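Engineer: Right, I'll just put the structure down here and ask away after.
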Amino acid sequence: MDLLLINGPNLNLVGQREPALYGSQSLTDIEKELLETANELEVKLKFFQSNSEGEIIDCIHNCINSIDGILINAGAYTHTSIALRDALLGVEIPYVELHLSNIYSREEFRHKSFLADRAVGVICGFGSISYQLALKGMVAHINGSIKNQG
């Protein structure tokens, strides 16, 4: 099983940007922990981060015929990018939307996600553990252990 974790804008600053909100672990630290879990689950996991919407879309397009599932923390693009939504739907690869913070307990403009309604699942509010939950959930979904309840 080949999975890809995509992190969007400003997530390269995790660990130093607003640590009270996003935690003190760096994105590199989170990725190291995820690789350990992926190895335990016998899953190949790749990583991509960009602050550019177009680069993220190109990355999604490049997943066709090579990636079985996408984990995506699109950051602010979650709430603004129809193009990102269209890219995810266009490649027809299952995806899990995830966030470090609880987007529903934050500013009202963060309550709307352009990705959530077509995601296998949405995980938010558990800090860096959100990534672990998304990974395990996606693996279970692809293995048929759980079905999309949407």
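Please note that chains go A, B, ... in the order of the structure tokens, that every chain numbers its residues from 1, and that ligands are numbered from 1 in the order shown.
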Give me the residues near Val14 in chain A as a list of chain:residue names, where near means some atom within 6 Å (using only C-alpha atoms) and where sequence neighbours in that chain fewer than 2 positions away do not count.

Structural biologist: A:Leu11, A:Asn12, A:Gln16, A:Arg17, A:Ser26, A:Leu27

Engineer: Limited to N, CA, C and O atoms, could you put the picked residues into a file as an mmCIF file, in the first residue's frame?

Structural biologist:
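Once everything was written out, this is again24.cif:
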```cif
data_model
loop_
_atom_site.group_PDB
_atom_site.id
_atom_site.type_symbol
_atom_site.label_atom_id
_atom_site.label_comp_id
_atom_site.auth_asym_id
_atom_site.auth_seq_id
_atom_site.Cartn_x
_atom_site.Cartn_y
_atom_site.Cartn_z
ATOM 1 N N LEU A 11 2.471 24.951 7.022
ATOM 2 C CA LEU A 11 2.706 23.793 7.884
ATOM 3 C C LEU A 11 4.195 23.486 8.020
ATOM 4 O O LEU A 11 4.592 22.770 8.938
ATOM 5 N N ASN A 12 5.007 24.054 7.164
ATOM 6 C CA ASN A 12 6.450 23.959 7.344
ATOM 7 C C ASN A 12 6.904 24.696 8.609
ATOM 8 O O ASN A 12 7.988 24.452 9.109
ATOM 9 N N GLN A 16 7.048 26.012 15.507
ATOM 10 C CA GLN A 16 7.474 27.359 15.877
ATOM 11 C C GLN A 16 6.345 28.368 15.703
ATOM 12 O O GLN A 16 6.329 29.388 16.366
ATOM 13 N N ARG A 17 5.376 28.078 14.853
ATOM 14 C CA ARG A 17 4.241 28.980 14.632
ATOM 15 C C ARG A 17 3.132 28.670 15.632
ATOM 16 O O ARG A 17 2.616 27.561 15.661
ATOM 17 N N SER A 26 7.898 19.701 15.360
ATOM 18 C CA SER A 26 8.074 20.167 13.989
ATOM 19 C C SER A 26 7.411 19.182 13.028
ATOM 20 O O SER A 26 7.105 18.034 13.398
ATOM 21 N N LEU A 27 7.217 19.610 11.815
ATOM 22 C CA LEU A 27 6.661 18.727 10.796
ATOM 23 C C LEU A 27 7.588 17.534 10.577
ATOM 24 O O LEU A 27 7.123 16.402 10.408
#
```

Engineer: Near range 55-66 of chain A, counting only C-alpha atoms, which residues have an atom at most 10 Å away, once you skip same-chain residues fewer than 2 positions from it, shown as a ChimeraX atom specification?

Structural biologist: /A:1-4,6-9,48-53,68-70,74,83-93

Engineer: Using only C-alpha atoms, which residues sit within 8 Å of range 136-146 of chain A once same-chain residues fewer than 4 positions away are excluded, as a list in words?

Structural biologist: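 After dropping sequence-adjacent residues, the list is Asp68, Gly69, Leu71, Tyr95, Val96, Val120, Gly121 and Gln132 of chain A.
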
Engineer: Would you please extract all helix (DSSP H, G or I) residues from range 15-113 of chain A, as assigned by DSSP on the backbone, and give them as a ChimeraX atom specification?

Structural biologist: /A:19-22,27-40,53-61,75-79,82-91,103-105,108-111

Engineer: Could the residues in this selection be written to a file with N, CA and C atoms, as a tab-separated table (two decimals), in the first residue's frame?

Structural biologist:
```
chain	number	residue	atom	x	y	z
A	19	PRO	N	2.70	27.79	18.84
A	19	PRO	CA	2.78	26.46	19.45
A	19	PRO	C	1.62	26.14	20.40
A	20	ALA	N	1.01	27.15	20.99
A	20	ALA	CA	-0.14	26.89	21.86
A	20	ALA	C	-1.31	26.32	21.06
A	21	LEU	N	-1.37	26.64	19.80
A	21	LEU	CA	-2.44	26.17	18.93
A	21	LEU	C	-2.06	24.92	18.16
A	22	TYR	N	-0.83	24.88	17.66
A	22	TYR	CA	-0.41	23.81	16.76
A	22	TYR	C	0.58	22.82	17.37
A	27	LEU	N	7.22	19.61	11.82
A	27	LEU	CA	6.66	18.73	10.80
A	27	LEU	C	7.59	17.53	10.58
A	28	THR	N	8.89	17.76	10.63
A	28	THR	CA	9.86	16.67	10.50
A	28	THR	C	9.68	15.65	11.62
A	29	ASP	N	9.45	16.12	12.85
A	29	ASP	CA	9.22	15.21	13.98
A	29	ASP	C	7.96	14.38	13.76
A	30	ILE	N	6.91	15.04	13.30
A	30	ILE	CA	5.65	14.34	13.03
A	30	ILE	C	5.86	13.29	11.95
A	31	GLU	N	6.58	13.64	10.91
A	31	GLU	CA	6.82	12.70	9.81
A	31	GLU	C	7.64	11.50	10.27
A	32	LYS	N	8.63	11.70	11.14
A	32	LYS	CA	9.43	10.59	11.67
A	32	LYS	C	8.55	9.61	12.43
A	33	GLU	N	7.66	10.12	13.27
A	33	GLU	CA	6.75	9.26	14.01
A	33	GLU	C	5.81	8.51	13.07
A	34	LEU	N	5.34	9.21	12.04
A	34	LEU	CA	4.45	8.57	11.08
A	34	LEU	C	5.15	7.45	10.32
A	35	LEU	N	6.41	7.65	9.98
A	35	LEU	CA	7.16	6.60	9.28
A	35	LEU	C	7.27	5.34	10.14
A	36	GLU	N	7.47	5.52	11.43
A	36	GLU	CA	7.51	4.36	12.33
A	36	GLU	C	6.19	3.60	12.30
A	37	THR	N	5.09	4.34	12.38
A	37	THR	CA	3.77	3.70	12.34
A	37	THR	C	3.53	3.05	10.99
A	38	ALA	N	3.90	3.74	9.91
A	38	ALA	CA	3.74	3.17	8.57
A	38	ALA	C	4.51	1.86	8.43
A	39	ASN	N	5.72	1.83	8.95
A	39	ASN	CA	6.52	0.60	8.89
A	39	ASN	C	5.84	-0.53	9.65
A	40	GLU	N	5.29	-0.21	10.82
A	40	GLU	CA	4.57	-1.22	11.61
A	40	GLU	C	3.36	-1.75	10.84
A	53	GLU	N	-0.43	26.56	-3.94
A	53	GLU	CA	-1.61	25.79	-4.33
A	53	GLU	C	-1.36	25.00	-5.61
A	54	GLY	N	-0.74	25.61	-6.60
A	54	GLY	CA	-0.47	24.93	-7.86
A	54	GLY	C	0.44	23.73	-7.71
A	55	GLU	N	1.46	23.85	-6.86
A	55	GLU	CA	2.36	22.72	-6.62
A	55	GLU	C	1.62	21.56	-5.94
A	56	ILE	N	0.72	21.87	-5.04
A	56	ILE	CA	-0.06	20.82	-4.38
A	56	ILE	C	-0.96	20.13	-5.40
A	57	ILE	N	-1.58	20.90	-6.26
A	57	ILE	CA	-2.44	20.32	-7.30
A	57	ILE	C	-1.62	19.42	-8.23
A	58	ASP	N	-0.45	19.89	-8.65
A	58	ASP	CA	0.42	19.07	-9.49
A	58	ASP	C	0.80	17.77	-8.78
A	59	CYS	N	1.10	17.86	-7.49
A	59	CYS	CA	1.45	16.68	-6.72
A	59	CYS	C	0.29	15.68	-6.71
A	60	ILE	N	-0.92	16.17	-6.50
A	60	ILE	CA	-2.11	15.30	-6.50
A	60	ILE	C	-2.26	14.64	-7.87
A	61	HIS	N	-2.12	15.41	-8.93
A	61	HIS	CA	-2.24	14.84	-10.28
A	61	HIS	C	-1.21	13.74	-10.50
A	75	GLY	N	-4.27	22.96	5.24
A	75	GLY	CA	-4.16	24.26	5.90
A	75	GLY	C	-5.28	25.17	5.47
A	76	ALA	N	-4.97	26.42	5.25
A	76	ALA	CA	-5.99	27.41	4.88
A	76	ALA	C	-6.66	27.10	3.55
A	77	TYR	N	-5.99	26.35	2.68
A	77	TYR	CA	-6.63	26.00	1.39
A	77	TYR	C	-7.88	25.14	1.60
A	78	THR	N	-7.97	24.49	2.74
A	78	THR	CA	-9.17	23.72	3.08
A	78	THR	C	-10.43	24.57	2.92
A	79	HIS	N	-10.31	25.82	3.28
A	79	HIS	CA	-11.47	26.71	3.37
A	79	HIS	C	-11.61	27.63	2.17
A	82	ILE	N	-11.36	25.62	-4.24
A	82	ILE	CA	-12.17	24.72	-5.06
A	82	ILE	C	-11.27	23.96	-6.02
A	83	ALA	N	-10.18	24.57	-6.45
A	83	ALA	CA	-9.23	23.91	-7.36
A	83	ALA	C	-8.60	22.69	-6.69
A	84	LEU	N	-8.28	22.79	-5.42
A	84	LEU	CA	-7.73	21.65	-4.69
A	84	LEU	C	-8.77	20.54	-4.58
A	85	ARG	N	-10.00	20.91	-4.30
A	85	ARG	CA	-11.09	19.94	-4.26
A	85	ARG	C	-11.22	19.23	-5.60
A	86	ASP	N	-11.22	20.01	-6.68
A	86	ASP	CA	-11.37	19.43	-8.01
A	86	ASP	C	-10.22	18.47	-8.33
A	87	ALA	N	-9.01	18.80	-7.90
A	87	ALA	CA	-7.87	17.91	-8.13
A	87	ALA	C	-8.06	16.59	-7.40
A	88	LEU	N	-8.47	16.65	-6.14
A	88	LEU	CA	-8.69	15.43	-5.37
A	88	LEU	C	-9.79	14.57	-5.98
A	89	LEU	N	-10.86	15.20	-6.40
A	89	LEU	CA	-11.95	14.44	-7.01
A	89	LEU	C	-11.54	13.90	-8.38
A	90	GLY	N	-10.74	14.66	-9.10
A	90	GLY	CA	-10.33	14.26	-10.44
A	90	GLY	C	-9.47	13.02	-10.48
A	91	VAL	N	-8.62	12.82	-9.47
A	91	VAL	CA	-7.74	11.66	-9.48
A	91	VAL	C	-8.42	10.40	-8.93
A	103	ILE	N	-10.86	22.82	13.84
A	103	ILE	CA	-11.27	23.94	12.99
A	103	ILE	C	-12.66	24.46	13.35
A	104	TYR	N	-13.46	23.65	14.03
A	104	TYR	CA	-14.82	24.06	14.39
A	104	TYR	C	-14.88	24.86	15.69
A	105	SER	N	-13.77	24.93	16.39
A	105	SER	CA	-13.72	25.75	17.60
A	105	SER	C	-12.95	27.04	17.36
A	108	GLU	N	-15.04	31.50	12.48
A	108	GLU	CA	-16.15	30.95	11.70
A	108	GLU	C	-15.76	30.61	10.27
A	109	PHE	N	-14.87	31.38	9.65
A	109	PHE	CA	-14.49	31.10	8.27
A	109	PHE	C	-13.78	29.75	8.14
A	110	ARG	N	-13.25	29.21	9.23
A	110	ARG	CA	-12.59	27.90	9.19
A	110	ARG	C	-13.59	26.75	9.33
A	111	HIS	N	-14.84	27.03	9.57
A	111	HIS	CA	-15.83	25.98	9.77
A	111	HIS	C	-16.24	25.32	8.46
```

Engineer: Give me, please, the distance in Å between CA of Pro94 in chain A and CA of Ser113 in chain A, quoted to one decimal.

Structural biologist: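 Rounded to one decimal, the two atoms are 16.4 Å apart.
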
Engineer: Pull the strand (DSSP E or B) assignments for chain A out of DSSP run on the backbone, and list those residues as a VMD selection string.

Structural biologist: chain A and resid 2 to 7 44 to 49 69 to 73 95 to 99 121 to 124

Engineer: Using CA of Leu133 in chain A and CA of Thr80 in chain A as the two end points, give the distance in Å to one decimal.

Structural biologist: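 Atom-to-atom, CA of Leu133 in chain A and CA of Thr80 in chain A are spaced 24.4 Å apart.
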
Engineer: What's the 9 Å shell around Ser130 in chain A, counting only C-alpha atoms, without same-chain residues fewer than 6 positions away, as a PDB file with N, CA and C atoms, in the first residue's frame?

Structural biologist:
```
ATOM      1  N   LEU A  98      -7.216  16.181   7.385  1.00  0.00           N
ATOM      2  CA  LEU A  98      -6.815  16.251   8.785  1.00  0.00           C
ATOM      3  C   LEU A  98      -6.302  17.639   9.123  1.00  0.00           C
ATOM      4  N   HIS A  99      -6.404  17.960  10.399  1.00  0.00           N
ATOM      5  CA  HIS A  99      -5.953  19.249  10.926  1.00  0.00           C
ATOM      6  C   HIS A  99      -5.418  19.046  12.338  1.00  0.00           C
ATOM      7  N   LEU A 100      -4.411  19.813  12.684  1.00  0.00           N
ATOM      8  CA  LEU A 100      -3.864  19.779  14.033  1.00  0.00           C
ATOM      9  C   LEU A 100      -4.857  20.341  15.051  1.00  0.00           C
ATOM     10  N   SER A 101      -5.474  21.459  14.699  1.00  0.00           N
ATOM     11  CA  SER A 101      -6.415  22.122  15.614  1.00  0.00           C
ATOM     12  C   SER A 101      -7.851  21.737  15.250  1.00  0.00           C
ATOM     13  N   ILE A 123     -10.348  14.322  10.423  1.00  0.00           N
ATOM     14  CA  ILE A 123      -9.829  14.260  11.777  1.00  0.00           C
ATOM     15  C   ILE A 123      -9.237  15.621  12.113  1.00  0.00           C
ATOM     16  N   CYS A 124      -9.645  16.173  13.253  1.00  0.00           N
ATOM     17  CA  CYS A 124      -9.106  17.469  13.644  1.00  0.00           C
ATOM     18  C   CYS A 124      -9.124  17.598  15.158  1.00  0.00           C
TER      19      CYS A 124
END
```

Engineer: Any idea what the distance is between CA of Ile72 in chain A and CA of Leu41 in chain A?

Structural biologist: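 Result for CA of Ile72 in chain A versus CA of Leu41 in chain A: 18.9 Å, one decimal.
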